[in-house]
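Undergrad: Hey, dropping my_file15.cif in here, mmCIF, C-alpha atoms:
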```
data_data
loop_
_atom_site.label_atom_id
_atom_site.label_comp_id
_atom_site.auth_asym_id
_atom_site.auth_seq_id
_atom_site.Cartn_x
_atom_site.Cartn_y
_atom_site.Cartn_z
CA MET Z 1 70.32 30.85 184.45
CA THR Z 2 66.66 31.73 185.04
CA GLY Z 3 65.47 34.45 187.39
CA TYR Z 4 64.08 31.73 189.64
CA GLN Z 5 67.50 30.08 189.92
CA LEU Z 6 69.21 33.43 190.45
CA ARG Z 7 66.89 34.04 193.40
CA GLY Z 8 67.97 30.68 194.77
CA HIS Z 9 71.66 31.60 194.49
CA LEU Z 10 71.12 34.96 196.18
CA ALA Z 11 69.09 33.30 198.94
CA MET Z 12 71.80 30.73 199.69
CA PHE Z 13 74.49 33.40 199.64
CA GLY Z 14 72.47 35.55 202.06
CA ALA Z 15 71.77 32.64 204.41
CA ASN Z 16 75.43 31.71 204.64
CA VAL Z 17 76.42 35.36 205.18
CA PHE Z 18 74.06 35.42 208.17
CA TRP Z 19 75.51 32.13 209.43
CA GLY Z 20 79.07 33.36 208.87
CA LEU Z 21 78.35 36.48 210.95
CA MET Z 22 76.76 34.31 213.63
CA SER Z 23 80.11 32.80 214.65
CA PRO Z 24 81.79 36.04 215.83
CA VAL Z 25 78.51 37.36 217.29
CA ALA Z 26 77.89 34.15 219.24
CA LYS Z 27 81.49 34.16 220.50
CA ILE Z 28 81.02 37.69 221.86
CA VAL Z 29 77.76 36.69 223.56
CA MET Z 30 79.20 33.53 225.12
CA ALA Z 31 82.47 35.20 226.16
CA GLY Z 32 80.82 36.39 229.39
CA ALA Z 33 80.11 32.76 230.40
CA VAL Z 34 76.48 33.64 231.18
CA VAL Z 35 75.08 32.26 227.92
CA SER Z 36 76.33 28.72 227.32
CA PRO Z 37 76.36 27.03 223.90
CA PHE Z 38 73.37 24.90 224.91
CA LEU Z 39 71.43 27.95 226.10
CA MET Z 40 72.21 29.65 222.78
CA THR Z 41 70.81 26.62 220.97
CA ASP Z 42 67.66 26.84 223.10
CA PHE Z 43 67.29 30.50 222.17
CA ARG Z 44 67.55 29.59 218.48
CA ILE Z 45 65.07 26.72 218.51
CA PHE Z 46 62.44 28.12 220.87
CA GLY Z 47 62.82 31.70 219.66
CA ALA Z 48 62.42 30.74 216.01
CA THR Z 49 59.41 28.58 216.87
CA ILE Z 50 57.62 31.54 218.46
CA LEU Z 51 58.54 33.90 215.61
CA PHE Z 52 57.45 31.54 212.84
CA TRP Z 53 54.09 30.84 214.50
CA LEU Z 54 53.51 34.57 215.07
CA LEU Z 55 54.40 35.26 211.44
CA SER Z 56 51.98 32.54 210.27
CA THR Z 57 49.05 34.38 211.87
CA PHE Z 58 49.43 37.14 209.23
CA LEU Z 59 49.48 34.70 206.30
CA PRO Z 60 46.87 32.41 204.70
CA LYS Z 61 46.47 29.19 206.66
CA GLU Z 62 47.55 25.95 204.96
CA HIS Z 63 46.18 22.56 205.91
CA VAL Z 64 48.93 20.00 206.56
CA PRO Z 65 47.72 16.36 206.72
CA SER Z 66 48.96 14.13 209.53
CA GLY Z 67 51.16 12.15 207.15
CA ASP Z 68 52.96 15.29 206.00
CA LYS Z 69 53.34 16.45 209.61
CA LEU Z 70 55.21 13.23 210.34
CA ARG Z 71 57.49 13.93 207.40
CA LEU Z 72 58.05 17.46 208.68
CA ALA Z 73 58.89 15.99 212.09
CA GLY Z 74 61.58 13.91 210.40
CA ALA Z 75 62.85 17.00 208.57
CA ALA Z 76 63.01 18.85 211.90
CA MET Z 77 65.10 16.10 213.47
CA LEU Z 78 67.60 16.01 210.60
CA GLY Z 79 67.72 19.67 209.60
CA ILE Z 80 67.42 21.34 213.01
CA LEU Z 81 67.72 19.20 216.14
CA PHE Z 82 70.31 16.56 215.17
CA ASN Z 83 72.29 19.06 213.14
CA GLN Z 84 72.52 21.79 215.77
CA GLY Z 85 72.67 19.46 218.77
CA SER Z 86 75.39 17.21 217.36
CA PHE Z 87 77.46 20.17 216.20
CA ILE Z 88 77.40 22.04 219.50
CA SER Z 89 78.05 18.87 221.51
CA GLY Z 90 80.90 17.97 219.18
CA VAL Z 91 82.54 21.38 219.36
CA GLY Z 92 82.48 21.12 223.15
CA LEU Z 93 84.48 17.87 223.00
CA THR Z 94 86.95 18.60 220.21
CA SER Z 95 88.97 21.63 219.12
CA PRO Z 96 87.37 24.46 217.10
CA GLY Z 97 90.00 23.96 214.41
CA GLU Z 98 89.15 20.31 213.87
CA ALA Z 99 85.44 21.12 213.91
CA SER Z 100 85.94 23.81 211.24
CA ILE Z 101 87.80 21.37 209.03
CA ILE Z 102 85.13 18.68 209.38
CA THR Z 103 82.37 21.12 208.38
CA THR Z 104 83.95 21.30 204.91
CA THR Z 105 82.77 17.72 204.31
CA MET Z 106 79.09 18.69 204.11
CA PRO Z 107 79.02 19.49 200.35
CA MET Z 108 80.72 16.16 199.69
CA TRP Z 109 78.01 14.30 201.62
CA VAL Z 110 75.32 16.19 199.71
CA MET Z 111 76.89 15.23 196.38
CA ILE Z 112 77.09 11.54 197.34
CA LEU Z 113 73.57 11.38 198.80
CA ALA Z 114 72.08 13.28 195.85
CA ALA Z 115 73.69 10.75 193.53
CA LEU Z 116 72.35 7.78 195.52
CA ILE Z 117 68.85 9.11 196.30
CA LEU Z 118 68.04 11.63 193.57
CA LYS Z 119 70.21 10.04 190.86
CA GLU Z 120 72.07 13.30 190.31
CA PRO Z 121 75.20 12.60 188.23
CA ILE Z 122 78.61 13.09 189.86
CA THR Z 123 80.34 14.96 187.06
CA LEU Z 124 84.00 15.92 186.89
CA LYS Z 125 83.08 19.61 187.20
CA LYS Z 126 80.89 18.96 190.24
CA ALA Z 127 83.45 16.81 192.07
CA GLY Z 128 86.26 19.16 191.08
CA GLY Z 129 84.31 22.21 192.22
CA ILE Z 130 83.62 20.71 195.63
CA ALA Z 131 87.27 19.68 196.00
CA ILE Z 132 88.55 23.13 194.97
CA GLY Z 133 86.08 24.85 197.30
CA ALA Z 134 87.12 22.57 200.16
CA CYS Z 135 90.77 23.46 199.57
CA GLY Z 136 89.87 27.14 199.78
CA ALA Z 137 87.90 26.65 203.00
CA LEU Z 138 90.77 24.67 204.54
CA LEU Z 139 93.23 27.42 203.61
CA LEU Z 140 91.05 29.95 205.44
CA VAL Z 141 90.82 27.67 208.50
CA TYR Z 142 94.56 27.11 208.67
CA GLY Z 143 95.23 30.76 207.86
CA ALA Z 144 93.20 31.75 210.94
CA GLY Z 145 95.42 29.57 213.09
CA THR Z 146 92.55 27.48 214.43
CA SER Z 147 94.46 24.27 213.87
CA ASN Z 148 96.59 25.18 216.89
CA SER Z 149 93.66 25.62 219.23
CA ALA Z 150 93.33 23.57 222.39
CA THR Z 151 92.08 20.04 222.11
CA GLY Z 152 88.83 19.11 223.83
CA ASP Z 153 88.20 16.42 226.44
CA ASN Z 154 87.26 13.73 223.90
CA PRO Z 155 88.48 14.75 220.41
CA LEU Z 156 87.50 11.48 218.71
CA LEU Z 157 83.89 11.56 219.95
CA GLY Z 158 83.71 15.30 219.23
CA ASP Z 159 84.92 14.83 215.67
CA VAL Z 160 82.39 12.03 215.11
CA LEU Z 161 79.54 14.23 216.42
CA VAL Z 162 80.54 17.15 214.18
CA LEU Z 163 80.72 14.76 211.24
CA CYS Z 164 77.25 13.43 212.13
CA ALA Z 165 75.94 17.01 212.15
CA GLN Z 166 77.20 17.54 208.59
CA PHE Z 167 75.78 14.22 207.40
CA SER Z 168 72.44 14.94 209.09
CA TYR Z 169 72.02 18.27 207.31
CA ALA Z 170 73.16 16.81 203.99
CA LEU Z 171 70.59 14.02 204.36
CA TYR Z 172 67.89 16.59 205.12
CA LEU Z 173 68.75 18.64 202.00
CA THR Z 174 68.58 15.53 199.85
CA LEU Z 175 65.55 13.69 201.25
CA TYR Z 176 63.28 16.74 201.43
CA LYS Z 177 64.32 18.47 198.20
CA ASN Z 178 60.99 17.78 196.47
CA PHE Z 179 58.69 17.51 199.49
CA ILE Z 180 59.19 21.13 200.59
CA LYS Z 181 57.65 22.36 197.33
CA LYS Z 182 54.19 21.39 198.63
CA TYR Z 183 53.89 24.17 201.21
CA SER Z 184 54.86 27.78 201.81
CA LEU Z 185 58.10 28.65 203.59
CA VAL Z 186 56.47 29.79 206.82
CA THR Z 187 54.21 26.72 207.03
CA LEU Z 188 57.21 24.42 206.65
CA MET Z 189 59.31 26.28 209.17
CA LYS Z 190 56.67 26.70 211.86
CA TRP Z 191 55.98 22.97 211.96
CA MET Z 192 59.62 21.94 211.74
CA PHE Z 193 60.68 24.22 214.59
CA LEU Z 194 57.66 23.21 216.66
CA PHE Z 195 58.59 19.53 216.41
CA ALA Z 196 62.22 20.36 217.18
CA SER Z 197 61.11 22.34 220.25
CA ILE Z 198 58.91 19.51 221.54
CA VAL Z 199 61.80 17.06 221.43
CA ALA Z 200 64.37 19.56 222.77
CA LEU Z 201 62.26 20.87 225.68
CA PRO Z 202 62.82 17.98 228.16
CA LEU Z 203 66.58 18.18 227.52
CA SER Z 204 66.61 21.97 227.81
CA VAL Z 205 64.76 22.40 231.13
CA PRO Z 206 67.91 22.08 233.34
CA THR Z 207 69.77 24.64 231.20
CA LEU Z 208 66.87 27.10 231.21
CA VAL Z 209 66.34 26.77 234.99
CA ALA Z 210 70.05 27.18 235.80
CA ALA Z 211 70.54 30.25 233.59
CA ASP Z 212 71.23 33.58 235.32
CA TRP Z 213 68.80 35.65 233.30
CA GLN Z 214 69.46 38.91 235.14
CA ALA Z 215 73.17 38.72 234.34
CA ILE Z 216 72.59 38.95 230.58
CA THR Z 217 73.80 42.40 229.45
CA PRO Z 218 72.09 44.55 226.78
CA GLN Z 219 74.99 43.84 224.41
CA GLU Z 220 74.52 40.09 224.89
CA GLY Z 221 70.78 40.57 224.42
CA TRP Z 222 71.31 42.21 221.03
CA GLY Z 223 73.68 39.41 220.09
CA ILE Z 224 71.07 36.80 221.02
CA ALA Z 225 68.47 38.73 219.01
CA TYR Z 226 70.75 38.63 215.96
CA VAL Z 227 71.28 34.87 216.31
CA VAL Z 228 67.54 34.20 216.67
CA VAL Z 229 66.17 36.65 214.09
CA CYS Z 230 68.88 36.88 211.43
CA ALA Z 231 70.90 33.68 211.79
CA THR Z 232 67.84 31.48 212.39
CA LEU Z 233 64.53 33.02 211.24
CA PHE Z 234 65.82 34.78 208.11
CA SER Z 235 68.49 32.19 207.33
CA TYR Z 236 66.14 29.22 207.37
CA ILE Z 237 63.66 31.09 205.17
CA LEU Z 238 66.47 31.85 202.70
CA VAL Z 239 67.65 28.23 202.77
CA MET Z 240 64.12 27.09 201.91
CA ILE Z 241 64.09 29.48 198.93
CA GLY Z 242 67.44 28.14 197.79
CA GLN Z 243 66.42 24.53 198.39
CA LYS Z 244 63.32 24.98 196.23
CA ALA Z 245 65.25 26.53 193.34
CA LEU Z 246 68.62 24.76 193.31
CA ARG Z 247 70.04 21.25 193.28
CA PRO Z 248 71.09 19.90 196.70
CA THR Z 249 74.77 19.93 195.70
CA LEU Z 250 74.58 23.63 194.87
CA VAL Z 251 72.83 24.36 198.16
CA GLY Z 252 75.53 22.46 200.05
CA ILE Z 253 78.54 24.11 198.45
CA TYR Z 254 77.43 27.54 199.67
CA ASN Z 255 78.56 26.28 203.08
CA TYR Z 256 82.02 27.45 201.98
CA VAL Z 257 80.87 31.09 202.08
CA GLN Z 258 80.78 31.03 205.89
CA PRO Z 259 84.55 31.03 206.52
CA ILE Z 260 84.91 33.89 204.03
CA VAL Z 261 82.41 35.97 206.01
CA ALA Z 262 83.99 35.10 209.36
CA THR Z 263 87.46 36.02 208.06
CA THR Z 264 86.19 39.28 206.55
CA VAL Z 265 84.64 40.28 209.87
CA GLY Z 266 87.90 39.49 211.62
CA ILE Z 267 89.78 41.73 209.18
CA CYS Z 268 87.28 44.58 209.64
CA LEU Z 269 87.60 44.32 213.44
CA GLY Z 270 91.39 44.30 213.27
CA MET Z 271 91.56 40.72 214.53
CA GLU Z 272 92.78 39.36 211.19
CA ARG Z 273 94.81 40.73 208.29
CA ILE Z 274 94.66 40.32 204.54
CA THR Z 275 97.21 37.82 203.24
CA THR Z 276 97.97 36.30 199.87
CA MET Z 277 96.89 32.90 201.15
CA ARG Z 278 93.48 34.25 202.18
CA LEU Z 279 92.97 35.90 198.78
CA VAL Z 280 93.86 32.62 197.07
CA ALA Z 281 91.45 30.78 199.39
CA VAL Z 282 88.55 33.11 198.49
CA ALA Z 283 89.32 32.69 194.78
CA LEU Z 284 89.32 28.89 195.17
CA ILE Z 285 85.97 28.89 196.98
CA PHE Z 286 84.20 30.99 194.36
CA THR Z 287 85.80 28.96 191.58
CA GLY Z 288 84.41 25.84 193.21
CA VAL Z 289 80.92 27.35 193.44
CA TRP Z 290 81.09 28.36 189.77
CA LEU Z 291 82.15 24.87 188.64
CA VAL Z 292 79.30 23.21 190.55
CA THR Z 293 76.87 25.79 189.14
CA ILE Z 294 77.73 24.99 185.53
CA SER Z 295 77.92 21.21 186.04
CA LYS Z 296 75.28 19.01 184.43
CA SER Z 297 72.20 17.81 186.29
CA ARG Z 298 69.08 15.81 185.48
CA GLN Z 299 67.69 18.56 183.27
CA PRO Z 300 64.18 17.19 182.63
CA ASP Z 301 63.37 16.73 186.32
CA SER Z 302 64.89 20.01 187.43
CA ARG Z 303 63.04 21.86 184.67
CA VAL Z 304 59.71 20.36 185.79
CA SER Z 305 60.42 21.35 189.39
CA ILE Z 306 61.14 24.93 188.35
CA ASP Z 307 58.01 25.12 186.22
CA LYS Z 308 55.83 23.85 189.07
CA ASP Z 309 57.23 26.43 191.47
CA GLN Z 310 56.82 29.22 188.94
CA GLN Z 311 53.19 28.18 188.43
CA TYR Z 312 52.68 28.32 192.19
CA GLU Z 313 54.20 31.81 192.32
CA ASN Z 314 51.99 33.01 189.47
CA SER Z 315 48.83 31.61 191.09
CA LYS Z 316 49.27 33.57 194.30
#
```
Translate this structure into structure tokens?
TA:
Amino acid sequence: MTGYQLRGHLAMFGANVFWGLMSPVAKIVMAGAVVSPFLMTDFRIFGATILFWLLSTFLPKEHVPSGDKLRLAGAAMLGILFNQGSFISGVGLTSPGEASIITTTMPMWVMILAALILKEPITLKKAGGIAIGACGALLLVYGAGTSNSATGDNPLLGDVLVLCAQFSYALYLTLYKNFIKKYSLVTLMKWMFLFASIVALPLSVPTLVAADWQAITPQEGWGIAYVVVCATLFSYILVMIGQKALRPTLVGIYNYVQPIVATTVGICLGMERITTMRLVAVALIFTGVWLVTISKSRQPDSRVSIDKDQQYENSK
């Protein structure tokens, strides 16, 4: 493993730690019923847009041709708007337990799409690693008791929307694997979030107008700040680093780190307890990640991609 790839692994681990912490933080923020799930999504999209554009003012400006801006608009729809919007809408219609289970399908979609689009081989180690990791994630979900949670108003539609969210993000990881190497992280993110904001704004106006801004407590404000800065700004930067350095299948399987983080937080807060089943689940997840890491890929192409990125790093 090269240092460049190691950075990619650390970046994906860090991003999913931030996302795993986002679940309990967001639940605390939304428990007061002042901040709705849709308002939280607005905070993420619009807040990250402002932060990325502010950050870009301190960095060298990159010219992005109109054709590439259109491609970034497509990336924004798949990787940000459709993914977040479908997931939140789906969770509101189905049970949290079913939604958690469906999220474990994302690495599988990445593997299939990478095979179809990027011609990445589906090896026994890769398929086995994803299956083993999924078993571990499912054990954590069932161990938390979420499978007994209340059913939503339209479980079938909710499940379909959550599944669409996973497929949308998997398609984004696959289609834009090579394109994102053309520009810096901040340039990519500022344009993607801007396009996502433009499309989301007309749908968000009623939510923003109806919000009781004065009722938001300082504790909720800090929670919102964490979601926007850590779970959005930092996480998307880390995902870009991982996406540049690693195969899409490897990027996708780190999704299984999130339930580990959420369970660990629950144990630290006294809301959960350590059990043998949870320890087995964690072992299965990391075994799955290891198997996918050592599985074969299209070595010539991946080597060229790494060399190009290292040349870019050295030229700065």
Undergrad: List the residues matched by the PyMOL selection byres ((chain Z and resi 224) around 9) in the displayed structure as a list in words, ordered by chain and then by residue number.
TA: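 Output of the PyMOL selection byres ((chain Z and resi 224) around 9): Val25, Ala26, Val29, Met40, Phe43, Arg44, Gln219, Glu220, Gly221, Trp222, Gly223, Ala225, Tyr226, Val227, Val228 and Val229 of chain Z.
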Undergrad: Wanna dump the segment 132-222 of chain Z-segment 72-94 of chain Z contacts at 9 Å for me, each residue with its shortest atom pair and the distance in Å to one decimal, counting only C-alpha atoms, ordered by chain and number, as a Markdown table?
TA:
```
| residue | atom | partner | partner_atom | distance |
| --- | --- | --- | --- | --- |
| Z:Ala150 | CA | Z:Thr94 | CA | 8.4 |
| Z:Thr151 | CA | Z:Thr94 | CA | 5.7 |
| Z:Gly152 | CA | Z:Thr94 | CA | 4.1 |
| Z:Asp153 | CA | Z:Leu93 | CA | 5.3 |
| Z:Asn154 | CA | Z:Leu93 | CA | 5.1 |
| Z:Pro155 | CA | Z:Thr94 | CA | 4.1 |
| Z:Leu156 | CA | Z:Thr94 | CA | 7.3 |
| Z:Leu157 | CA | Z:Leu93 | CA | 7.0 |
| Z:Gly158 | CA | Z:Gly90 | CA | 3.9 |
| Z:Asp159 | CA | Z:Gly90 | CA | 6.2 |
| Z:Val160 | CA | Z:Gly90 | CA | 7.4 |
| Z:Leu161 | CA | Z:Gly90 | CA | 4.8 |
| Z:Val162 | CA | Z:Phe87 | CA | 4.8 |
| Z:Leu163 | CA | Z:Phe87 | CA | 8.0 |
| Z:Cys164 | CA | Z:Ser86 | CA | 6.7 |
| Z:Ala165 | CA | Z:Asn83 | CA | 4.3 |
| Z:Gln166 | CA | Z:Asn83 | CA | 6.9 |
| Z:Phe167 | CA | Z:Asn83 | CA | 8.3 |
| Z:Ser168 | CA | Z:Leu78 | CA | 5.2 |
| Z:Tyr169 | CA | Z:Gly79 | CA | 5.1 |
| Z:Ala170 | CA | Z:Gly79 | CA | 8.3 |
| Z:Leu171 | CA | Z:Leu78 | CA | 7.2 |
| Z:Tyr172 | CA | Z:Gly79 | CA | 5.4 |
| Z:Leu173 | CA | Z:Gly79 | CA | 7.7 |
| Z:Leu175 | CA | Z:Ala75 | CA | 8.5 |
| Z:Tyr176 | CA | Z:Ala75 | CA | 7.2 |
| Z:Ile180 | CA | Z:Leu72 | CA | 9.0 |
| Z:Leu188 | CA | Z:Leu72 | CA | 7.3 |
| Z:Met189 | CA | Z:Ala76 | CA | 8.7 |
| Z:Trp191 | CA | Z:Leu72 | CA | 6.7 |
| Z:Met192 | CA | Z:Ala76 | CA | 4.6 |
| Z:Phe193 | CA | Z:Ala76 | CA | 6.4 |
| Z:Leu194 | CA | Z:Ala76 | CA | 8.4 |
| Z:Phe195 | CA | Z:Ala73 | CA | 5.6 |
| Z:Ala196 | CA | Z:Ala76 | CA | 5.5 |
| Z:Ser197 | CA | Z:Leu81 | CA | 8.4 |
| Z:Val199 | CA | Z:Leu81 | CA | 8.2 |
| Z:Ala200 | CA | Z:Leu81 | CA | 7.4 |
```
Undergrad: Using only C-alpha atoms, find the one residue out of Z:Val17, Z:Leu138, Z:Val292, Z:Ala11 that sits nearest to Ala262 of chain Z.
TA: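 Result for the nearest residue to Ala262 of chain Z: Z:Val17.
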Undergrad: Can you work out the spacing between atom CA of Gly288 of chain Z and atom CA of Gln5 of chain Z in Å, to one decimal?
TA: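 Spanning atom CA of Gly288 of chain Z to atom CA of Gln5 of chain Z is a straight-line distance of 17.7 Å.
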Undergrad: Can you measure atom CA of Ile50 of chain Z to atom CA of Ser66 of chain Z for me? One decimal in Å is fine.
TA: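 The value is 21.4 Å.
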Undergrad: Grab the atom CA of Phe52 of chain Z to atom CA of Leu233 of chain Z distance for me, in Å with one decimal place.
TA: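 Straight-line distance from atom CA of Phe52 of chain Z to atom CA of Leu233 of chain Z works out to 7.4 Å.
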